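Okay, so here's the structure we're looking at.
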Amino acid sequence: MPSPFIIVPTYHELENLPRFTERLWAAVPDARLLLVDDASGDGTPAWVKAHPQYNRSLFLLERSGKLGLGSAYLAGFAWVVQRHASEPCSAVVQMDADLSHDPKAVPELVHALETGSDLVLATRYRDGVRVTNWPLRRLMLSLGAGLYVRMITGMPFTDPTGGFKAFRPDKLASLDLSQIHSDGYAFQIEVTHMAWRMGWKISEVPIVFEDRFAGVSKMSGHIVREAIWRVPWMALRGHGEGSSEASNGKAAS
Ligand SMILES: Nc1nc2c(ncn2[C@@H]2O[C@H](COP(=O)(O)OP(=O)(O)O)[C@@H](O)[C@H]2O)c(=O)[nH]1
Ligand SMILES: [Mg+2]
């Protein structure tokens, strides 16, 4: 029976990893986990390599330095898609290491794939706001970004900047990753936009989002500025091969 593959980009998240992995495997005992680490100087690679599950259900993709969230995900997607060809997985889930995304929600995302979705977006903002302990400034930025994305692109999703998603593996394998250019948080928007333009069936699952357990956010002014210009850029660009299918994208739950 194939198991889900979870991809988590990490940069200085060692304070969160023991708790995150424990909770993940408690919620999804057969999950395989790939960490894409950007040479974290906090001992993350050594911790992973000493873990009893290393190269069993815990895998590490090491990069040479902090190369950005988007490229970390692209490297992780390519790695998992290649592995899926020989050892199929039931779903590819992406999430953060800092416990903002509760592993207990993973089965619900996977279930939505099993019932027909190609891509499932965890949402903090469907039928209310479910974010705890975030500074008001961060919440406003996130809500404003969502509104901006909906207005500029026409995508109907309630939380288009979220980083907790599940993909049908064959669909992910069909994406032309070389067409994805965003490197920070715009990456989340760009992947969903590409899938939406290609007519994928996209659904939303409500989650509760908590502020990170330990450590500091890697959000920066540069990342916000990138997202501001990338959104109109992607709306104007379309996605070539998928634009003729651009259709529905209606969020179903
Ligand atoms: N590999 C890698 N991971 C990153 C990078 N930037 C952020 N991350 C990871 O991406 C996830 C989300 O980042 P985070 O700082 O929590 O963003 P926030 O939740 O928006 O404040 C966390 O697991 C980070 O460690 C990066 O440049 N490279
Ligand atoms: Mg976070």
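Here's how to read the names in the structure tokens: chain A, B, ... by the order shown, residue numbers from 1 in each chain, ligand numbers from 1 in the order shown.
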
Query - segment 5-241 of chain A: residues DSSP assigns to alpha helix (DSSP H), reported as an MDAnalysis selection string - result: chainID A and resid 17:27 44:49 69:86 106:114 136:153 169:174 186:197 221:237

Take the selection from the previous step and output its residues with C-alpha atoms, as a compact mmCIF listing (two decimals), in the first residue's frame.
```txt
# COMPACT_ATOMS: atom_id res chain seq x y z
CA LEU A 17 12.43 18.88 14.20
CA PRO A 18 12.25 16.30 17.04
CA ARG A 19 8.75 17.43 17.97
CA PHE A 20 7.67 17.79 14.34
CA THR A 21 8.82 14.30 13.33
CA GLU A 22 7.28 12.74 16.45
CA ARG A 23 3.93 14.38 15.73
CA LEU A 24 4.07 13.57 12.04
CA TRP A 25 4.64 9.86 12.61
CA ALA A 26 2.03 9.79 15.38
CA ALA A 27 -0.52 11.20 12.93
CA THR A 44 20.25 19.72 11.31
CA PRO A 45 22.18 17.47 8.85
CA ALA A 46 23.99 15.64 11.67
CA TRP A 47 20.72 15.18 13.59
CA VAL A 48 19.01 13.70 10.53
CA LYS A 49 21.90 11.34 9.75
CA LEU A 69 12.24 28.43 -0.35
CA GLY A 70 11.06 28.09 -3.94
CA SER A 71 14.16 26.35 -5.21
CA ALA A 72 14.16 24.11 -2.11
CA TYR A 73 10.65 22.96 -3.01
CA LEU A 74 11.55 22.48 -6.66
CA ALA A 75 14.51 20.30 -5.67
CA GLY A 76 12.25 18.36 -3.27
CA PHE A 77 9.52 17.89 -5.90
CA ALA A 78 12.03 16.59 -8.45
CA TRP A 79 13.54 14.21 -5.88
CA VAL A 80 10.17 12.78 -4.81
CA VAL A 81 8.82 12.52 -8.38
CA GLN A 82 11.90 10.56 -9.39
CA ARG A 83 11.50 8.23 -6.41
CA HIS A 84 7.77 7.87 -7.10
CA ALA A 85 8.65 6.28 -10.44
CA SER A 86 10.26 3.30 -8.68
CA VAL A 106 -2.36 15.41 6.77
CA PRO A 107 -4.85 12.49 6.57
CA GLU A 108 -7.65 14.91 5.69
CA LEU A 109 -5.61 16.43 2.87
CA VAL A 110 -4.73 12.98 1.57
CA HIS A 111 -8.37 11.93 1.79
CA ALA A 112 -9.36 14.89 -0.40
CA LEU A 113 -6.93 13.61 -3.05
CA GLU A 114 -8.45 10.15 -2.79
CA LEU A 136 -1.58 41.29 14.07
CA ARG A 137 0.86 42.71 11.50
CA ARG A 138 1.61 39.22 10.13
CA LEU A 139 -2.07 38.31 10.01
CA MET A 140 -2.92 41.53 8.13
CA LEU A 141 -0.09 40.92 5.67
CA SER A 142 -1.33 37.39 5.02
CA LEU A 143 -4.98 38.39 4.64
CA GLY A 144 -4.00 41.34 2.42
CA ALA A 145 -1.82 39.10 0.27
CA GLY A 146 -4.71 36.67 -0.21
CA LEU A 147 -7.02 39.48 -1.27
CA TYR A 148 -4.37 40.85 -3.66
CA VAL A 149 -3.92 37.44 -5.27
CA ARG A 150 -7.66 36.90 -5.71
CA MET A 151 -8.13 40.36 -7.23
CA ILE A 152 -5.20 40.19 -9.64
CA THR A 153 -5.39 36.56 -10.74
CA PRO A 169 1.77 12.45 -7.43
CA ASP A 170 1.10 11.87 -11.13
CA LYS A 171 -0.16 15.44 -11.48
CA LEU A 172 2.91 16.82 -9.75
CA ALA A 173 5.07 14.74 -12.09
CA SER A 174 3.32 16.35 -15.06
CA ALA A 186 5.31 33.84 -4.23
CA PHE A 187 6.30 30.27 -5.00
CA GLN A 188 3.18 28.98 -3.24
CA ILE A 189 1.00 31.25 -5.35
CA GLU A 190 2.78 30.45 -8.60
CA VAL A 191 2.43 26.66 -8.28
CA THR A 192 -1.27 26.92 -7.45
CA HIS A 193 -1.79 29.40 -10.26
CA MET A 194 -0.10 27.10 -12.75
CA ALA A 195 -2.24 24.15 -11.62
CA TRP A 196 -5.39 26.28 -11.78
CA ARG A 197 -4.60 27.52 -15.28
CA GLY A 221 10.96 42.51 2.99
CA HIS A 222 12.62 41.07 -0.10
CA ILE A 223 10.19 38.14 -0.09
CA VAL A 224 7.18 40.47 0.22
CA ARG A 225 8.44 42.69 -2.62
CA GLU A 226 8.99 39.67 -4.84
CA ALA A 227 5.40 38.53 -4.23
CA ILE A 228 4.02 42.00 -5.05
CA TRP A 229 5.45 42.06 -8.57
CA ARG A 230 5.30 38.33 -9.24
CA VAL A 231 1.50 38.14 -8.89
CA PRO A 232 0.69 40.52 -11.79
CA TRP A 233 3.59 38.96 -13.71
CA MET A 234 2.08 35.49 -13.45
CA ALA A 235 -1.42 36.74 -14.20
CA LEU A 236 -0.18 38.41 -17.41
CA ARG A 237 2.10 35.59 -18.42
```

Query raised in the report: When the cut-off is 9 Å and you count only C-alpha atoms and all ligand atoms, which residues lie near ligand 1, shown as a count of residues only?
Result: 44

**Report entry** Shell around Tyr125 of chain A at 8 Å using only C-alpha atoms, local window under 2 positions removed, as a PyMOL selection string
**Finding:** chain A and resi 123+127-130+158-159+206

Query - Residue set, segment 62-250 of chain A restricted to strand (DSSP E), as a PyMOL selection string - result: chain A and resi 62+92-94+119-123+131-132+165-167+202-206+209-210

Report task. Rounded to one decimal place, report the atom CA of Val92 of chain A-atom CA of Phe59 of chain A distance in Å. Result -> 14.2 Å

Requested in this report: May I ask which of the residues A:Phe5, A:Trp200, A:Phe157, A:Trp134 is the closest one to ligand 2, counting only C-alpha atoms and all ligand atoms?
Outcome: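 Of the candidates, the smallest distance to ligand 2 is held by A:Trp134.
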